[in-house]
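Visitor: Next up, start-v2.pdb (PDB, C-alpha atoms).
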```pdb
ATOM      1  CA  MET A   1      -8.646 106.969  -5.123
ATOM      2  CA  GLN A   2      -9.571 104.588  -2.374
ATOM      3  CA  GLY A   3      -8.222 101.078  -2.322
ATOM      4  CA  VAL A   4     -10.530  98.119  -2.704
ATOM      5  CA  GLU A   5     -10.602  95.716   0.201
ATOM      6  CA  ARG A   6     -10.954  92.101  -0.787
ATOM      7  CA  ILE A   7     -11.731  89.213   1.503
ATOM      8  CA  MET A   8     -10.602  85.783   0.421
ATOM      9  CA  THR A   9     -12.079  82.720   2.090
ATOM     10  CA  VAL A  10      -9.957  79.599   2.134
ATOM     11  CA  PHE A  11     -11.415  76.245   3.147
ATOM     12  CA  THR A  12      -9.261  73.508   4.634
ATOM     13  CA  ARG A  13     -10.226  69.891   5.109
ATOM     14  CA  GLU A  14      -8.130  67.457   7.117
ATOM     15  CA  VAL A  15      -8.767  63.731   7.164
ATOM     16  CA  THR A  16      -7.258  61.252   9.614
ATOM     17  CA  LEU A  17      -7.663  57.581   8.798
ATOM     18  CA  GLU A  18      -6.752  54.503  10.805
ATOM     19  CA  PHE A  19      -6.928  51.020   9.328
ATOM     20  CA  SER A  20      -5.365  47.647   9.942
ATOM     21  CA  TYR A  21      -4.510  44.442   8.150
ATOM     22  CA  THR A  22      -3.510  41.016   9.390
ATOM     23  CA  ILE A  23      -0.647  38.861   8.147
ATOM     24  CA  ILE A  24      -1.798  35.263   7.659
ATOM     25  CA  ASP A  25       0.472  32.217   7.567
ATOM     26  CA  LYS A  26      -0.313  30.677   4.172
ATOM     27  CA  ARG A  27       0.612  27.191   5.323
ATOM     28  CA  THR A  28      -1.547  27.094   8.444
ATOM     29  CA  GLY A  29      -4.119  29.782   7.672
ATOM     30  CA  MET A  30      -3.521  31.231  11.133
ATOM     31  CA  PRO A  31      -3.062  34.972  11.798
ATOM     32  CA  ILE A  32       0.516  35.949  12.631
ATOM     33  CA  ARG A  33       0.130  39.590  13.627
ATOM     34  CA  GLU A  34      -1.990  42.658  13.037
ATOM     35  CA  ILE A  35      -0.495  45.855  11.630
ATOM     36  CA  ILE A  36      -2.226  49.150  12.379
ATOM     37  CA  LYS A  37      -1.704  52.138  10.100
ATOM     38  CA  THR A  38      -2.635  55.761  10.768
ATOM     39  CA  GLY A  39      -2.245  58.735   8.455
ATOM     40  CA  THR A  40      -3.400  62.321   8.017
ATOM     41  CA  GLN A  41      -3.909  64.354   4.860
ATOM     42  CA  SER A  42      -5.069  67.941   4.483
ATOM     43  CA  LYS A  43      -5.892  70.203   1.568
ATOM     44  CA  SER A  44      -6.841  73.854   1.192
ATOM     45  CA  ALA A  45      -8.897  75.389  -1.611
ATOM     46  CA  ASN A  46     -11.129  78.343  -2.405
ATOM     47  CA  SER A  47     -14.158  76.083  -2.827
ATOM     48  CA  VAL A  48     -15.548  73.334  -0.591
ATOM     49  CA  SER A  49     -16.398  71.275  -3.672
ATOM     50  CA  GLU A  50     -12.676  70.855  -4.350
ATOM     51  CA  LEU A  51     -12.124  69.235  -0.956
ATOM     52  CA  LYS A  52     -13.162  65.623  -1.420
ATOM     53  CA  THR A  53     -12.864  63.443   1.653
ATOM     54  CA  LEU A  54     -12.564  60.244  -0.382
ATOM     55  CA  ASP A  55      -9.573  61.573  -2.338
ATOM     56  CA  LEU A  56      -7.770  62.449   0.888
ATOM     57  CA  ALA A  57      -8.589  59.031   2.350
ATOM     58  CA  LYS A  58      -7.229  57.285  -0.762
ATOM     59  CA  ALA A  59      -4.023  59.318  -0.535
ATOM     60  CA  ILE A  60      -3.586  58.196   3.084
ATOM     61  CA  VAL A  61      -4.041  54.527   2.166
ATOM     62  CA  ASP A  62      -1.619  54.811  -0.776
ATOM     63  CA  SER A  63       0.976  56.440   1.443
ATOM     64  CA  GLN A  64       0.673  53.934   4.278
ATOM     65  CA  LEU A  65       0.710  50.843   2.050
ATOM     66  CA  ARG A  66       4.044  51.802   0.509
ATOM     67  CA  THR A  67       5.686  50.054   3.446
ATOM     68  CA  LEU A  68       3.603  46.894   2.974
ATOM     69  CA  GLU A  69       6.490  44.754   1.766
ATOM     70  CA  SER A  70       8.865  45.880   4.498
ATOM     71  CA  ASP A  71       6.098  45.285   7.063
ATOM     72  CA  ILE A  72       5.735  41.694   5.927
ATOM     73  CA  VAL A  73       9.349  40.635   5.329
ATOM     74  CA  PRO A  74      10.616  41.062   8.918
ATOM     75  CA  THR A  75       7.800  38.878  10.255
ATOM     76  CA  ILE A  76       9.300  35.852  11.966
ATOM     77  CA  VAL A  77       7.152  32.742  12.053
ATOM     78  CA  SER A  78       8.232  30.065  14.501
ATOM     79  CA  THR A  79       7.189  26.564  13.546
ATOM     80  CA  ASN A  80       8.092  23.647  15.769
ATOM     81  CA  ARG A  81       8.891  20.554  13.750
ATOM     82  CA  LYS A  82      10.255  17.585  15.615
ATOM     83  CA  LEU A  83      13.153  15.703  14.076
ATOM     84  CA  MET A  84      12.460  12.041  13.472
ATOM     85  CA  ASN A  85      13.986   9.326  15.635
ATOM     86  CA  GLU A  86      15.835   6.449  14.041
ATOM     87  CA  THR A  87      13.838   3.203  14.250
ATOM     88  CA  SER A  88      16.613   0.963  12.965
ATOM     89  CA  LYS A  89      18.177  -1.481  15.440
ATOM     90  CA  ASP A  90      21.577  -0.936  13.851
ATOM     91  CA  LYS A  91      23.743   0.450  16.667
ATOM     92  CA  VAL A  92      26.062   2.269  14.254
ATOM     93  CA  VAL A  93      23.171   4.099  12.621
ATOM     94  CA  LYS A  94      21.606   4.960  15.983
ATOM     95  CA  GLN A  95      24.892   6.364  17.286
ATOM     96  CA  ARG A  96      25.478   8.450  14.175
ATOM     97  CA  MET A  97      21.940   9.845  14.432
ATOM     98  CA  LYS A  98      22.578  10.784  18.076
ATOM     99  CA  ASP A  99      25.865  12.469  17.167
ATOM    100  CA  THR A 100      24.175  14.413  14.371
ATOM    101  CA  LEU A 101      21.407  15.540  16.722
ATOM    102  CA  LEU A 102      24.104  17.053  18.947
ATOM    103  CA  LEU A 103      25.265  19.087  15.933
ATOM    104  CA  VAL A 104      21.717  20.413  15.532
ATOM    105  CA  LYS A 105      21.510  21.363  19.213
ATOM    106  CA  SER A 106      24.804  23.254  18.915
ATOM    107  CA  ASN A 107      23.391  25.180  15.886
ATOM    108  CA  ASN A 108      25.870  23.573  13.487
ATOM    109  CA  TYR A 109      23.119  23.090  10.916
ATOM    110  CA  GLU A 110      25.195  22.799   7.751
ATOM    111  CA  GLU A 111      27.294  19.950   9.128
ATOM    112  CA  ALA A 112      24.163  18.306  10.537
ATOM    113  CA  ILE A 113      22.532  18.372   7.098
ATOM    114  CA  ARG A 114      25.648  16.856   5.563
ATOM    115  CA  GLN A 115      25.709  14.079   8.173
ATOM    116  CA  TYR A 116      21.988  13.314   7.813
ATOM    117  CA  GLU A 117      22.326  13.074   4.026
ATOM    118  CA  GLU A 118      25.351  10.824   4.374
ATOM    119  CA  ILE A 119      23.482   8.508   6.772
ATOM    120  CA  ALA A 120      20.491   8.427   4.430
ATOM    121  CA  ASN A 121      22.673   7.507   1.448
ATOM    122  CA  GLN A 122      24.762   4.887   3.265
ATOM    123  CA  TYR A 123      22.072   3.171   5.307
ATOM    124  CA  GLY A 124      18.831   4.132   3.562
ATOM    125  CA  SER A 125      17.583   5.860   6.712
ATOM    126  CA  THR A 126      14.193   7.495   6.166
ATOM    127  CA  ALA A 127      14.550   9.478   9.399
ATOM    128  CA  ALA A 128      17.918  10.911   8.339
ATOM    129  CA  LYS A 129      16.535  11.911   4.929
ATOM    130  CA  ALA A 130      13.512  13.613   6.518
ATOM    131  CA  ASN A 131      15.646  15.447   9.086
ATOM    132  CA  ALA A 132      17.959  16.792   6.378
ATOM    133  CA  ALA A 133      14.925  18.127   4.490
ATOM    134  CA  ILE A 134      13.496  19.773   7.635
ATOM    135  CA  LEU A 135      16.760  21.566   8.371
ATOM    136  CA  LYS A 136      17.164  22.706   4.758
ATOM    137  CA  GLU A 137      13.674  24.194   4.729
ATOM    138  CA  ALA A 138      14.243  26.045   8.001
ATOM    139  CA  ILE A 139      17.583  27.502   6.901
ATOM    140  CA  ALA A 140      16.333  28.478   3.434
ATOM    141  CA  SER A 141      13.333  30.370   4.860
ATOM    142  CA  ASP A 142      15.471  32.286   7.335
ATOM    143  CA  VAL A 143      18.162  33.189   4.795
ATOM    144  CA  ALA A 144      15.622  34.278   2.168
ATOM    145  CA  ALA A 145      13.775  36.547   4.607
ATOM    146  CA  SER A 146      16.996  38.121   5.869
ATOM    147  CA  ALA A 147      18.287  38.673   2.341
ATOM    148  CA  ARG A 148      15.064  40.321   1.177
ATOM    149  CA  LEU A 149      14.969  42.594   4.223
ATOM    150  CA  SER A 150      18.560  43.680   3.588
ATOM    151  CA  GLN A 151      17.694  44.366  -0.047
ATOM    152  CA  LEU A 152      14.706  46.524   0.920
ATOM    153  CA  GLU A 153      16.763  48.558   3.366
ATOM    154  CA  SER A 154      19.523  48.984   0.788
ATOM    155  CA  GLU A 155      17.085  50.068  -1.936
ATOM    156  CA  ARG A 156      15.437  52.609   0.343
ATOM    157  CA  GLY A 157      18.779  54.056   1.379
ATOM    158  CA  SER A 158      20.231  54.185  -2.132
ATOM    159  CA  LEU A 159      17.150  55.893  -3.604
ATOM    160  CA  SER A 160      17.189  58.560  -0.902
ATOM    161  CA  ASP A 161      20.937  59.058  -1.288
ATOM    162  CA  ARG A 162      20.607  59.549  -5.046
ATOM    163  CA  ALA A 163      17.770  62.045  -4.575
ATOM    164  CA  VAL A 164      19.825  64.040  -2.069
ATOM    165  CA  LYS A 165      22.932  64.051  -4.264
ATOM    166  CA  ALA A 166      21.040  65.105  -7.408
ATOM    167  CA  SER A 167      19.170  67.878  -5.581
ATOM    168  CA  VAL A 168      22.303  69.323  -3.995
ATOM    169  CA  GLU A 169      24.136  69.306  -7.333
ATOM    170  CA  GLU A 170      21.200  71.074  -8.993
ATOM    171  CA  LEU A 171      21.188  73.756  -6.287
ATOM    172  CA  TYR A 172      24.896  74.381  -6.793
ATOM    173  CA  SER A 173      24.441  74.637 -10.555
ATOM    174  CA  LYS A 174      21.597  77.161 -10.340
ATOM    175  CA  LEU A 175      22.606  79.405  -7.443
ATOM    176  CA  PRO A 176      25.627  81.680  -6.966
ATOM    177  CA  ALA A 177      28.089  80.663  -4.287
ATOM    178  CA  ASP A 178      27.278  81.898  -0.765
ATOM    179  CA  SER A 179      23.617  82.519  -1.632
ATOM    180  CA  VAL A 180      21.307  82.544   1.391
ATOM    181  CA  ILE A 181      18.451  80.068   1.041
ATOM    182  CA  ILE A 182      15.508  78.639   2.949
ATOM    183  CA  ILE A 183      14.707  74.976   2.293
ATOM    184  CA  ILE A 184      11.037  74.098   2.745
ATOM    185  CA  GLU A 185       8.963  70.923   2.481
ATOM    186  CA  ALA A 186       5.752  71.439   0.533
ATOM    187  CA  ASN A 187       2.650  69.380   1.276
ATOM    188  CA  SER A 188       3.159  65.756   0.280
ATOM    189  CA  SER A 189       1.365  62.445   0.691
ATOM    190  CA  ASP A 190       4.710  60.882   1.659
ATOM    191  CA  ARG A 191       5.664  63.217   4.485
ATOM    192  CA  GLY A 192       7.985  60.792   6.234
ATOM    193  CA  ARG A 193      10.172  60.140   3.196
ATOM    194  CA  LEU A 194      10.128  63.820   2.162
ATOM    195  CA  ASN A 195      11.166  64.952   5.639
ATOM    196  CA  GLU A 196      14.036  62.451   5.639
ATOM    197  CA  ILE A 197      15.310  63.590   2.231
ATOM    198  CA  VAL A 198      14.959  67.322   2.939
ATOM    199  CA  ASN A 199      16.764  66.984   6.266
ATOM    200  CA  ASN A 200      19.630  65.210   4.493
ATOM    201  CA  ILE A 201      19.749  67.904   1.797
ATOM    202  CA  ASN A 202      19.784  70.560   4.504
ATOM    203  CA  ARG A 203      22.641  68.868   6.384
ATOM    204  CA  THR A 204      24.659  68.279   3.205
ATOM    205  CA  VAL A 205      24.419  71.887   2.029
ATOM    206  CA  ILE A 206      25.323  73.217   5.485
ATOM    207  CA  SER A 207      28.291  70.869   5.904
ATOM    208  CA  GLU A 208      29.724  71.650   2.450
ATOM    209  CA  GLY A 209      29.401  75.397   3.028
ATOM    210  CA  LYS A 210      28.826  76.450  -0.591
ATOM    211  CA  LEU A 211      25.445  77.986   0.254
ATOM    212  CA  LYS A 212      24.152  79.568   3.450
ATOM    213  CA  VAL A 213      21.002  77.963   4.835
ATOM    214  CA  VAL A 214      18.557  79.746   7.140
ATOM    215  CA  ASP A 215      17.858  77.594  10.182
ATOM    216  CA  ARG A 216      14.301  76.381   9.706
ATOM    217  CA  SER A 217      13.698  76.443  13.450
ATOM    218  CA  GLN A 218      13.949  80.246  13.287
ATOM    219  CA  ILE A 219      11.039  80.496  10.872
ATOM    220  CA  MET A 220       7.594  81.128  12.286
ATOM    221  CA  GLY A 221       5.769  77.842  11.713
ATOM    222  CA  ASP A 222       2.233  79.187  11.305
ATOM    223  CA  GLU A 223       3.239  81.923   8.887
ATOM    224  CA  LEU A 224       5.290  79.584   6.720
ATOM    225  CA  GLN A 225       2.718  76.792   6.806
ATOM    226  CA  TYR A 226       0.163  79.203   5.394
ATOM    227  CA  GLN A 227       2.531  79.903   2.546
ATOM    228  CA  VAL A 228       3.111  76.235   1.783
ATOM    229  CA  SER A 229      -0.631  75.604   1.535
ATOM    230  CA  GLY A 230      -0.494  77.317  -1.856
ATOM    231  CA  ASN A 231      -2.912  80.161  -1.162
ATOM    232  CA  VAL A 232      -0.399  82.988  -1.596
ATOM    233  CA  SER A 233       1.481  84.254  -4.637
ATOM    234  CA  ASP A 234       5.149  83.586  -5.303
ATOM    235  CA  ASP A 235       5.863  87.258  -4.537
ATOM    236  CA  SER A 236       4.554  86.690  -1.029
ATOM    237  CA  TYR A 237       6.822  83.681  -0.637
ATOM    238  CA  VAL A 238       9.798  85.812  -1.610
ATOM    239  CA  SER A 239       8.712  88.594   0.744
ATOM    240  CA  ILE A 240       8.584  86.254   3.712
ATOM    241  CA  GLY A 241      11.965  84.816   2.725
ATOM    242  CA  LYS A 242      13.478  88.286   2.783
ATOM    243  CA  ASN A 243      12.209  88.758   6.333
ATOM    244  CA  TYR A 244      14.624  86.001   7.299
ATOM    245  CA  GLY A 245      17.463  87.253   5.125
ATOM    246  CA  ALA A 246      16.977  84.642   2.404
ATOM    247  CA  GLN A 247      17.702  85.436  -1.231
ATOM    248  CA  TYR A 248      16.059  82.267  -2.501
ATOM    249  CA  ILE A 249      13.374  79.873  -1.302
ATOM    250  CA  VAL A 250      13.701  76.224  -2.288
ATOM    251  CA  PHE A 251      10.592  74.030  -2.176
ATOM    252  CA  PHE A 252      10.705  70.248  -2.271
ATOM    253  CA  ASP A 253       7.811  67.859  -2.712
ATOM    254  CA  ILE A 254       7.242  64.255  -3.765
ATOM    255  CA  SER A 255       4.787  63.533  -6.562
ATOM    256  CA  GLY A 256       3.518  60.320  -8.105
ATOM    257  CA  GLN A 257       2.577  57.026  -6.549
ATOM    258  CA  MET A 258       4.532  53.886  -5.688
ATOM    259  CA  SER A 259       7.242  53.218  -8.323
ATOM    260  CA  THR A 260       6.452  56.480 -10.187
ATOM    261  CA  ARG A 261       7.351  58.710  -7.237
ATOM    262  CA  GLN A 262       9.812  61.509  -7.874
ATOM    263  CA  LEU A 263      11.338  64.346  -5.896
ATOM    264  CA  ASN A 264      10.558  67.810  -7.283
ATOM    265  CA  MET A 265      12.398  71.050  -6.562
ATOM    266  CA  ARG A 266      11.053  74.562  -7.141
ATOM    267  CA  LEU A 267      13.219  77.638  -6.758
ATOM    268  CA  LEU A 268      11.996  81.175  -6.031
TER     269      LEU A 268
END
```
Would you write the structure of this file as structure tokens?

Guide:
Amino acid sequence: MQGVERIMTVFTREVTLEFSYTIIDKRTGMPIREIIKTGTQSKSANSVSELKTLDLAKAIVDSQLRTLESDIVPTIVSTNRKLMNETSKDKVVKQRMKDTLLLVKSNNYEEAIRQYEEIANQYGSTAAKANAAILKEAIASDVAASARLSQLESERGSLSDRAVKASVEELYSKLPADSVIIIIEANSSDRGRLNEIVNNINRTVISEGKLKVVDRSQIMGDELQYQVSGNVSDDSYVSIGKNYGAQYIVFFDISGQMSTRQLNMRLL
């Protein structure tokens, strides 16, 4: 009995999109800076009708705009506001205003604010009151921006750390000790974050030594990329893994959008 030869045609569409947006100062209406984003998405399927350019473009935009808040927060806006001069003829008031200005020039803002407020309360100085308000506004804006940036960086780090820890613990619970594995990133709209997490998982497993990890640099990129595209059966995945001495193949991908994103693990 002769075998039947089958030819399977797989179509792949890749979309690269570049777009930009401009940060505008709400107070002045002036542009602060332009941010340019570029992303690429690809998809393979057995039918061209399944490869919709608009869907790939939307996925690129969604992925790139996830960093919108962190793009905006670090923006530093410099606004020059001149401190008011004292118009009073009172020599004591004038001297205290000069002394307080020296505090400002030496970056001792908190003491300068205290002195300006004290002068305003004691002598009714409009200039001192205005200068205290100007310094308070400048300090508050700077502190708020720095605090929010620190929070964003902390949140990003803690989420990634939790994902790595949970994934490693799940691997240990499902696989026998000293199992040989290959860790692979599946296609994802958030490639940067996925690559970061998978690299950390890879390093953690290697350093702890409970499982043996095949060096991904040894794997033929083209052959493995074809597998990850989803056009081959799980048996074929396993077969390729065996070529590299792996007993198990572990796939990671990120699904969902924005706050609903989650890290998924599949074990073969």

Visitor: If you take every atom of region 110-129 of chain A that the file lists and fit an axis-aligned box around them with 6 Å extra on each side, what centre and edge lengths come out in Å to one decimal, as JSON?

Guide:
```
{"center_x": 20.7, "center_y": 13.0, "center_z": 6.0, "size_x": 25.1, "size_y": 31.6, "size_z": 21.1}
```

Visitor: For the provided coordinates, the residues matched by the PyMOL selection byres ((chain A and resi 264) around 9) should be stated as number ranges by chain.

Guide: A: 167, 251-255, 262-263, 265-266

Visitor: Keeping only C-alpha atoms, write the selected residues to a file as an mmCIF file, in the coordinates of the input.

Guide:
```cif
data_model
loop_
_atom_site.group_PDB
_atom_site.id
_atom_site.type_symbol
_atom_site.label_atom_id
_atom_site.label_comp_id
_atom_site.auth_asym_id
_atom_site.auth_seq_id
_atom_site.Cartn_x
_atom_site.Cartn_y
_atom_site.Cartn_z
ATOM 1 C CA SER A 167 19.170 67.878 -5.581
ATOM 2 C CA PHE A 251 10.592 74.030 -2.176
ATOM 3 C CA PHE A 252 10.705 70.248 -2.271
ATOM 4 C CA ASP A 253 7.811 67.859 -2.712
ATOM 5 C CA ILE A 254 7.242 64.255 -3.765
ATOM 6 C CA SER A 255 4.787 63.533 -6.562
ATOM 7 C CA GLN A 262 9.812 61.509 -7.874
ATOM 8 C CA LEU A 263 11.338 64.346 -5.896
ATOM 9 C CA MET A 265 12.398 71.050 -6.562
ATOM 10 C CA ARG A 266 11.053 74.562 -7.141
#
```

Visitor: From the options A:Leu101, A:Lys82, A:Glu111, A:Ile23, which residue's atoms come nearest to Leu68 (chain A), counting all atoms listed in the file?

Guide: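 Of the candidates, the smallest distance to Leu68 (chain A) is held by A:Ile23.
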
Visitor: For Asn131 (chain A), find every residue with an atom within 9 Å (counting only C-alpha atoms), except residues of its own chain fewer than 3 positions away, and show them as number ranges by chain.

Guide: A: 82-84, 113, 116-117, 126-128, 134-136

Visitor: Take the residues from that selection and put them in a file with C-alpha atoms, as a PDB file, in the coordinates of the input.

Guide:
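Final file, result.pdb:
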```pdb
ATOM      1  CA  LYS A  82      10.255  17.585  15.615  1.00  0.00           C
ATOM      2  CA  LEU A  83      13.153  15.703  14.076  1.00  0.00           C
ATOM      3  CA  MET A  84      12.460  12.041  13.472  1.00  0.00           C
ATOM      4  CA  ILE A 113      22.532  18.372   7.098  1.00  0.00           C
ATOM      5  CA  TYR A 116      21.988  13.314   7.813  1.00  0.00           C
ATOM      6  CA  GLU A 117      22.326  13.074   4.026  1.00  0.00           C
ATOM      7  CA  THR A 126      14.193   7.495   6.166  1.00  0.00           C
ATOM      8  CA  ALA A 127      14.550   9.478   9.399  1.00  0.00           C
ATOM      9  CA  ALA A 128      17.918  10.911   8.339  1.00  0.00           C
ATOM     10  CA  ILE A 134      13.496  19.773   7.635  1.00  0.00           C
ATOM     11  CA  LEU A 135      16.760  21.566   8.371  1.00  0.00           C
ATOM     12  CA  LYS A 136      17.164  22.706   4.758  1.00  0.00           C
TER      13      LYS A 136
END
```

Visitor: A:Glu18, A:Glu170, A:Asp90, A:Asp99: which is nearest Lys58 (chain A), counting all atoms listed in the file?

Guide: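 Looking only at the distances to Lys58 (chain A), the closest residue turns out to be A:Glu18.
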
Visitor: Skipping near chain neighbours, those fewer than 6 positions away, what residues fall within 6 Å of region 207-216 of chain A using only C-alpha atoms, listed as a count of residues only?

Guide: 6

Visitor: Which residue gives the smallest distance to Thr53 (chain A) among A:Thr12, A:Glu118, A:Leu268, A:Gln247, with only C-alpha atoms counted?

Guide: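 Nearest to Thr53 (chain A): A:Thr12.
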
Visitor: Excluding Val164 (chain A) and its own-chain neighbours fewer than 5 positions away, which residues fall within 9 Å of it when counting only C-alpha atoms? Please give them as a list in words.

Guide: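 Everything that qualifies: Leu159, Glu169, Ile197, Val198, Asn200, Ile201 and Thr204 of chain A.
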
Visitor: By how many Å are CA of Glu50 (chain A) and CA of Gln64 (chain A) apart?

Guide: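 About the pair CA of Glu50 (chain A) and CA of Gln64 (chain A): they are 23.2 Å apart.
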
Visitor: What does the structure give for the distance between CA of Ala132 (chain A) and CA of Val92 (chain A), in Å to one decimal?

Guide: 18.4 Å
